[in-house]
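J.: Below: one structure in structure tokens.
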Amino acid sequence: MKRSSPALTIALIASLSTSIASLSTCSLRAEENIKVLITDGPQKAHNHQETTPVLKQILNKDSRFEVDHSRSTKEGCEDGSYRPDFSKYDVVVMNEGFGAADWPAATQKAFEEYMASGGGMVAIHAANNCWPNWVEYNKMTGLGGWGGRNEKSGPYLYIDAEGKVVRDTSNGRGGAHGPQHEFELVVRNPQHPIMQGLPPKFKHGPDELYDKLRGPAENVTILATAFSSKERRGTGRHEPALMVVSYGKGRIFHSILGHHVTQIKEGSFVTTFLRGTEWAATGKVTIPVPEDFPNQKFE
């Protein structure tokens with residue numbers, strides 16, 4: 001049997017070590033890379049053509065994320081050709097809104113299967129307005145408004161003056177807001193990974209403060225609320241502003257914030273959006289809270 005020389009053996013070991021290190025680095029990089037799909041489409045009350053590029057810029061500024069975009073059309077939804085491959089992504093950011101065309105039945109089913117098997121979803125602001133008749137989507141958002149939603153859609157969900165979660169089954173429409181104004185968010189679940197390190201209370205706005213949201217309200221954890229004052233045509237109660245929802249093995253981060261570009265660029269939105277997106281994709285949060293939160297601005 002021919003033996004290798006010591007020098008050759010050392011060279012082989014060094015080469016093997018380098019290859020292993022390279023593979024480890026690639027694996028680590030792949031694990032750290034979060035693939036995001038932003039979806040949007042024509043809607044009646046919000047300008048997705050202006051807000052989607054800003055959402056994409058916010059995500060792309062953080063090296064953890066790799067972002068694609070998919071825009072539906074009425075024609076593509078009607079003829080069934082709108083069929084994004086959700087399996088390629090760790091998380092889908094819904095920048096949809098009231099009046100969005102119904103996705104094809106096959107696409108809806110594919111998304112349901114993606115989420116139930118462990119996918120991630122982020123619902124931004126008006127994403128809870130769309131598709132009132134898509135039963136499973138409404139389970140994913142937990143709460144929604146407009147589109148004919150009422151007591152048949154599920155209960156109102158809010159926190160009373162004693163800090164208790166209320167499921168209110170009384171009659172009434174789903175979805176309302178007063179004029180845009182600055183409001184305070186109160187952290188209700190400081191131990192959740194998205195909220196850890198955030199101050200107990202912080203300001204946001206001027207923005208639309210959604211209230212009277214109602215829906216299945218299943219598997220919903222309220223992370224933060226905002227007080228909807230009657231002086232601003234509100235409900236006089238603490239309404240969910242940030243929440244998480246579980247759907248099968250899937251994770252959803254739901255934020256009512258972010259009506260338009262100005263509100264999306266606020267530090268309160270940027271930080272919670274980034275941390276919520278990472279959590280929905282991975283189940284953990286490594287993105288730090290900026291020292292000047294929520295006063296930092298995205299440029």
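Labeling convention for the structure tokens: chains A, B, ... as they appear, residues from 1 per chain, ligands from 1 in order of appearance.
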What lies within 9 Å of stretch 70-86 of chain A using only C-alpha atoms, ignoring chain neighbours under 6 positions off, as a list in words?

T.: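 Contacts, with the query itself left out: Leu37, Ile38, Thr39, Asp40, Gly41, Pro42, Val92, Ala100, Ala101, Asp102, Trp103, Pro104, Ala105, Ala106, Thr107, Ala110, Phe111, Tyr114 and Gly119 of chain A.
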
J.: Give me the stretch 101-131 of chain A side of the contact with stretch 235-248 of chain A, cut-off 8 Å, one line per residue showing its nearest atom pair and distance in Å at one decimal, counting only C-alpha atoms, sorted by chain and residue number, as a Markdown table.

T.:
```
| residue | atom | partner | partner_atom | distance |
| --- | --- | --- | --- | --- |
| A:Met115 | CA | A:Tyr247 | CA | 6.7 |
| A:Ala116 | CA | A:Gly248 | CA | 4.3 |
| A:Ser117 | CA | A:Gly248 | CA | 6.7 |
| A:Gly118 | CA | A:Gly248 | CA | 7.2 |
```

J.: Considering only C-alpha atoms, can you say which of A:Gly178, A:Gly197, A:Gly163, A:Pro155 comes closest to A:Gly215?

T.: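 Counting only C-alpha atoms, the residue closest to A:Gly215 is A:Pro155.
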
J.: Please report the interatomic distance between atom CA of A:Arg275 and atom CA of A:Ala123 in Å with one decimal.

T.: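 Going from atom CA of A:Arg275 over to atom CA of A:Ala123 covers 13.3 Å.
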
J.: For A:Val187, find every residue with an atom within 8 Å (counting only C-alpha atoms), except residues of its own chain fewer than 4 positions away, and show them as a PyMOL selection string.

T.: chain A and resi 195+199-201+223-225

J.: Contacts of A:Pro294 at 9 Å or less, counting only C-alpha atoms, minus same-chain residues fewer than 2 places along, as a list in words?

T.: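 Counting only C-alpha atoms, the residues come to Phe202, Lys203, His204, Glu266, Gly267, Ser268, Phe269, Val270, Thr271, Val289, Pro290, Glu291, Asp292, Gln296 and Lys297 of chain A.
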
J.: As a PyMOL selection string, which residues of stretch 237-284 of chain A does DSSP assign to strand (DSSP E)?

T.: chain A and resi 237-247+250-255

J.: Please determine, counting only C-alpha atoms, which residue among A:Gly175, A:Gly154, A:Gly205, A:Gly144 has the shortest atom-to-atom distance to A:Ala226.

T.: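 Looking at the shortest contact to A:Ala226, the residue is A:Gly205.
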
J.: Which residues, written as a list of chain:residue names, have at least one atom at most 7 Å from A:Gly120, with only C-alpha atoms counted and residues fewer than 5 positions away on the same chain left out?

T.: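 The filter keeps A:Asp90, A:Val91, A:Val92, A:Met115, A:Gly250, A:Arg251, A:Ile252, A:Ala280, A:Ala281.
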
J.: Suppose we keep C-alpha atoms; can you now write the selection as a PDB file, in the first residue's frame?

T.:
```pdb
ATOM      1  CA  ASP A  90     -39.942  32.767   4.083  1.00  0.00           C
ATOM      2  CA  VAL A  91     -42.529  35.508   4.490  1.00  0.00           C
ATOM      3  CA  VAL A  92     -45.157  37.294   2.381  1.00  0.00           C
ATOM      4  CA  MET A 115     -49.242  29.303   5.647  1.00  0.00           C
ATOM      5  CA  GLY A 250     -47.717  29.669  10.180  1.00  0.00           C
ATOM      6  CA  ARG A 251     -46.968  32.995  11.866  1.00  0.00           C
ATOM      7  CA  ILE A 252     -48.624  36.336  11.086  1.00  0.00           C
ATOM      8  CA  ALA A 280     -43.007  36.003  10.952  1.00  0.00           C
ATOM      9  CA  ALA A 281     -40.259  34.460   8.817  1.00  0.00           C
TER      10      ALA A 281
END
```

J.: For atom CA of A:Ser170 and atom CA of A:Asn150, quote the distance in Å rounded to one decimal.

T.: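 Between atom CA of A:Ser170 and atom CA of A:Asn150 the gap works out to 9.4 Å.
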